[in-house]
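upload_17.txt, holding compact mmCIF, C-alpha atoms:
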```
# COMPACT_ATOMS: atom_id res chain seq x y z
CA MET A 258 63.32 -17.01 2.83
CA SER A 259 63.29 -20.81 2.55
CA SER A 260 61.00 -23.03 4.62
CA ALA A 261 63.95 -24.23 6.72
CA GLU A 262 65.03 -20.62 7.38
CA LEU A 263 61.48 -19.67 8.43
CA ILE A 264 61.38 -22.66 10.79
CA ASP A 265 64.79 -21.75 12.25
CA ALA A 266 63.77 -18.13 12.83
CA ALA A 267 60.45 -19.11 14.40
CA TYR A 268 62.23 -21.69 16.57
CA GLU A 269 64.61 -19.04 17.95
CA ARG A 270 61.70 -16.68 18.71
CA ALA A 271 59.63 -19.46 20.31
CA VAL A 272 62.44 -20.88 22.46
CA ALA A 273 62.95 -17.43 23.98
CA GLY A 274 59.36 -17.61 25.29
CA VAL A 275 59.55 -21.05 26.89
CA GLY A 276 58.68 -20.89 30.59
CA LYS A 277 57.18 -17.41 30.50
CA VAL A 278 53.61 -17.27 31.79
CA GLN A 279 51.29 -14.84 30.06
CA GLU A 280 48.12 -13.81 31.90
CA ILE A 281 45.16 -13.02 29.68
CA ARG A 282 41.97 -11.63 31.20
CA ILE A 283 39.06 -13.36 29.52
CA GLY A 284 36.44 -11.50 31.55
CA VAL A 285 32.96 -12.37 32.69
CA LEU A 286 31.51 -15.29 30.75
CA ASP A 287 28.45 -14.14 28.87
CA GLU A 288 25.36 -16.36 28.95
CA ARG A 289 24.49 -15.67 25.30
CA ALA A 290 28.02 -16.59 24.12
CA LEU A 291 27.80 -19.86 26.08
CA GLN A 292 24.39 -20.64 24.58
CA ARG A 293 25.62 -19.93 21.04
CA PHE A 294 28.71 -22.10 21.47
CA SER A 295 26.63 -24.96 22.90
CA LEU A 296 24.22 -24.75 19.98
CA VAL A 297 27.04 -24.82 17.43
CA VAL A 298 28.77 -27.85 19.01
CA GLY A 299 25.51 -29.74 19.51
CA HIS A 300 25.08 -29.72 23.29
CA THR A 301 21.33 -30.10 23.67
CA ASP A 302 21.12 -30.72 27.44
CA PRO A 303 18.93 -27.95 28.93
CA ALA A 304 21.70 -27.02 31.41
CA TYR A 305 23.63 -25.61 28.44
CA ALA A 306 20.75 -23.49 27.15
CA ASP A 307 18.55 -22.57 30.10
CA GLU A 308 19.76 -21.03 33.38
CA LYS A 309 16.78 -22.44 35.33
CA ALA A 310 17.53 -25.97 34.09
CA ALA A 311 21.18 -25.54 35.13
CA LYS A 312 20.15 -24.31 38.59
CA ASP A 313 17.72 -27.24 38.94
CA LEU A 314 20.75 -29.51 38.41
CA GLY A 315 22.71 -27.70 41.12
CA TYR A 316 24.83 -25.30 39.04
CA ASP A 317 25.19 -21.62 39.92
CA GLY A 318 24.32 -20.51 36.39
CA LEU A 319 24.09 -21.60 32.79
CA LEU A 320 26.65 -24.34 32.19
CA ALA A 321 29.38 -23.85 29.57
CA ALA A 322 30.06 -26.65 27.10
CA PRO A 323 33.16 -28.55 28.28
CA LEU A 324 35.42 -27.37 25.43
CA TYR A 325 34.30 -23.75 25.52
CA LEU A 326 37.34 -22.22 27.22
CA SER A 327 39.94 -24.23 25.33
CA ALA A 328 38.24 -23.82 21.94
CA VAL A 329 38.36 -20.03 21.85
CA LEU A 330 41.75 -18.82 20.58
CA GLY A 331 41.10 -15.11 20.99
CA TRP A 332 39.05 -13.26 23.56
CA ASP A 333 39.20 -9.76 22.10
CA THR A 334 37.62 -8.50 18.89
CA GLY A 335 40.55 -9.87 16.87
CA PRO A 336 42.65 -8.48 14.06
CA ALA A 337 41.39 -7.05 10.80
CA GLU A 338 41.14 -9.58 7.98
CA SER A 339 44.11 -7.91 6.27
CA ASP A 340 46.24 -8.70 9.36
CA LEU A 341 45.53 -12.44 9.28
CA LEU A 342 47.97 -15.07 8.09
CA ALA A 343 47.17 -17.24 5.06
CA ASP A 344 45.77 -19.96 7.37
CA GLY A 345 43.34 -17.49 9.00
CA ASN A 346 45.24 -17.14 12.29
CA SER A 347 46.51 -13.90 13.75
CA THR A 348 50.27 -13.38 13.60
CA THR A 349 50.46 -14.37 17.28
CA PRO A 350 47.79 -17.06 17.86
CA LEU A 351 49.95 -18.46 20.67
CA GLY A 352 50.12 -15.23 22.64
CA ASP A 353 53.65 -13.87 22.81
CA ILE A 354 55.10 -16.62 20.57
CA ASP A 355 55.56 -15.20 17.08
CA VAL A 356 54.97 -17.79 14.34
CA ALA A 357 54.59 -15.26 11.52
CA GLY A 358 55.41 -16.82 8.17
CA LEU A 359 54.39 -20.32 9.25
CA ARG A 360 51.13 -22.24 8.95
CA LEU A 361 49.77 -23.48 12.26
CA MET A 362 47.76 -26.60 12.98
CA GLY A 363 46.44 -28.01 16.25
CA GLY A 364 48.20 -31.19 17.31
CA GLY A 365 45.87 -32.26 20.12
CA GLN A 366 44.66 -31.35 23.59
CA ASP A 367 44.63 -33.07 26.95
CA LEU A 368 42.04 -31.45 29.22
CA THR A 369 41.45 -31.70 32.95
CA PHE A 370 38.18 -30.28 34.27
CA HIS A 371 38.46 -29.14 37.89
CA GLU A 372 35.26 -27.12 38.42
CA PRO A 373 32.09 -26.45 36.42
CA VAL A 374 32.31 -23.41 34.17
CA VAL A 375 29.16 -21.32 34.31
CA ALA A 376 27.94 -17.98 32.99
CA GLY A 377 28.89 -15.03 35.15
CA LEU A 378 32.33 -16.29 36.20
CA ASP A 379 35.16 -13.79 35.82
CA VAL A 380 37.91 -15.83 34.15
CA VAL A 381 41.63 -15.35 33.54
CA MET A 382 43.92 -17.62 31.58
CA HIS A 383 47.57 -18.32 32.32
CA ALA A 384 49.33 -19.55 29.18
CA GLU A 385 52.84 -20.97 29.16
CA VAL A 386 54.83 -22.40 26.28
CA THR A 387 56.47 -25.41 27.92
CA ALA A 388 58.50 -26.79 25.02
CA VAL A 389 59.46 -26.12 21.42
CA THR A 390 60.96 -28.91 19.32
CA ARG A 391 62.22 -29.00 15.74
CA LYS A 392 61.16 -32.13 13.86
CA GLU A 393 61.63 -33.48 10.37
CA GLY A 394 58.27 -34.39 8.86
CA ARG A 395 57.49 -36.23 5.65
CA SER A 396 57.21 -32.96 3.78
CA GLY A 397 60.05 -31.11 5.52
CA PRO A 398 60.93 -29.40 8.80
CA LEU A 399 58.33 -28.35 11.34
CA LEU A 400 58.03 -27.14 14.90
CA VAL A 401 56.08 -28.79 17.68
CA ILE A 402 55.02 -26.19 20.25
CA GLU A 403 53.68 -27.42 23.60
CA VAL A 404 51.42 -25.05 25.54
CA HIS A 405 49.92 -25.35 29.03
CA ARG A 406 46.85 -23.18 29.63
CA ARG A 407 45.24 -22.79 33.04
CA TYR A 408 41.79 -21.20 33.21
CA LEU A 409 41.03 -19.74 36.61
CA GLU A 410 38.26 -17.79 38.22
CA ALA A 411 39.56 -14.30 39.02
CA ASP A 412 39.82 -15.32 42.70
CA GLY A 413 42.35 -18.04 41.73
CA ARG A 414 40.09 -21.12 41.74
CA LEU A 415 41.30 -23.50 38.99
CA LEU A 416 38.56 -24.37 36.49
CA VAL A 417 40.21 -26.13 33.53
CA GLU A 418 43.73 -27.12 32.50
CA CYS A 419 44.66 -27.67 28.88
CA HIS A 420 47.91 -29.21 27.67
CA GLU A 421 48.03 -28.81 23.92
CA SER A 422 50.41 -29.06 21.04
CA PHE A 423 50.63 -27.11 17.82
CA LEU A 424 52.45 -27.97 14.62
CA ALA A 425 54.00 -25.08 12.70
CA ARG A 426 55.53 -25.25 9.22
```

Would you put the structure from the file into structure tokens?
Amino acid sequence: MSSAELIDAAYERAVAGVGKVQEIRIGVLDERALQRFSLVVGHTDPAYADEKAAKDLGYDGLLAAPLYLSAVLGWDTGPAESDLLADGNSTTPLGDIDVAGLRLMGGGQDLTFHEPVVAGLDVVMHAEVTAVTRKEGRSGPLLVIEVHRRYLEADGRLLVECHESFLAR
């Protein structure tokens, strides 16, 4: 199948998902996972590594690094290596939107932080593909996929919103 045919097929599959909201249960945020992420991204403030320091600053638990929720693409154990695409993504890194056969690259994020994210919160994510556009790039056709993710505490309190775009070719 040619590149243009792959793009056309992926476009048809993606357009069918525009406007559908997928709910993904992330679960209770684990203190150790938050600490590890903070260490990797270089957050050295004690509120990101020590629960007592976070509570001394007025937080209800260990603080998550600001990009934690939006940086994690998968919340389960993930697919076997043999089930990954050539670029290292799963066949459905955008939830229900199937981009199999295409390479995927992040095109940017616009984040709004509504509430502090701390260890112990039970979090769900609502993900919605809001637009899919075919474009002609310098090296051929590509898709621009716009996604709106809302991270909420299980009781419905909005924590973080993420508007992001992905480029697929």

I'd like the contact shell of Arg407 (chain A) - 9 Å cut-off, only C-alpha atoms, skipping same-chain residues fewer than 2 positions apart - returned as a list of chain:residue names.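 Those residues are A:Val381, A:Met382, A:His383, A:Ala384, A:Glu385, A:His405, A:Leu409, A:Leu415, A:Leu416, A:Val417, A:Glu418, A:Cys419, A:His420.
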
Just how far from CA of Arg282 (chain A) is CA of Ser295 (chain A), in Å to one decimal? 22.0 Å

So that I can see what lies close to region 316-324 of chain A, please list as an MDAnalysis selection string the residues with an atom at most 12 Å from it, counting all atoms listed in the file and leaving out residues fewer than 6 positions away in the same chain. chainID A and resid 286:310 330 366:378 408 416:419

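Each of A:Val329, A:Ala273, A:Val285, A:Val404 was compared to Val380 (chain A) using only C-alpha atoms, and A:Val285 turns out to be the nearest.
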
Could you tell me how far CA of Leu341 (chain A) sits from CA of Glu403 (chain A), in Å to one decimal place?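 The value is 22.3 Å.
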
Provide the CA of Ala357 (chain A) to CA of Gly331 (chain A) distance in Å, to one decimal place.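 Atom-to-atom, CA of Ala357 (chain A) to CA of Gly331 (chain A), that is 16.5 Å.
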
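For the set A:Leu314, A:Ser422, A:Glu262, A:Val272, the residue with the smallest atom-to-atom gap to Gly364 (chain A) is A:Ser422, counting all atoms listed in the file.
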
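Ranking A:Asp313, A:Leu361, A:Asp355, A:Ala425 by their shortest atom-to-atom distance to Ala343 (chain A), with all atoms listed in the file included, puts A:Leu361 first.
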
Would you please work out which residue, of A:Gly315, A:Gly358, A:Gly413, A:Gly335, is nearest to Ala261 (chain A) when using all atoms listed in the file?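 Among the listed residues, the smallest separation from Ala261 (chain A) belongs to A:Gly358.
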
I'd like to know which of A:Leu359, A:Val389, A:Leu326, A:Ala311 is closest to Glu269 (chain A), using all atoms listed in the file.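 Among the listed residues, the smallest separation from Glu269 (chain A) belongs to A:Val389.
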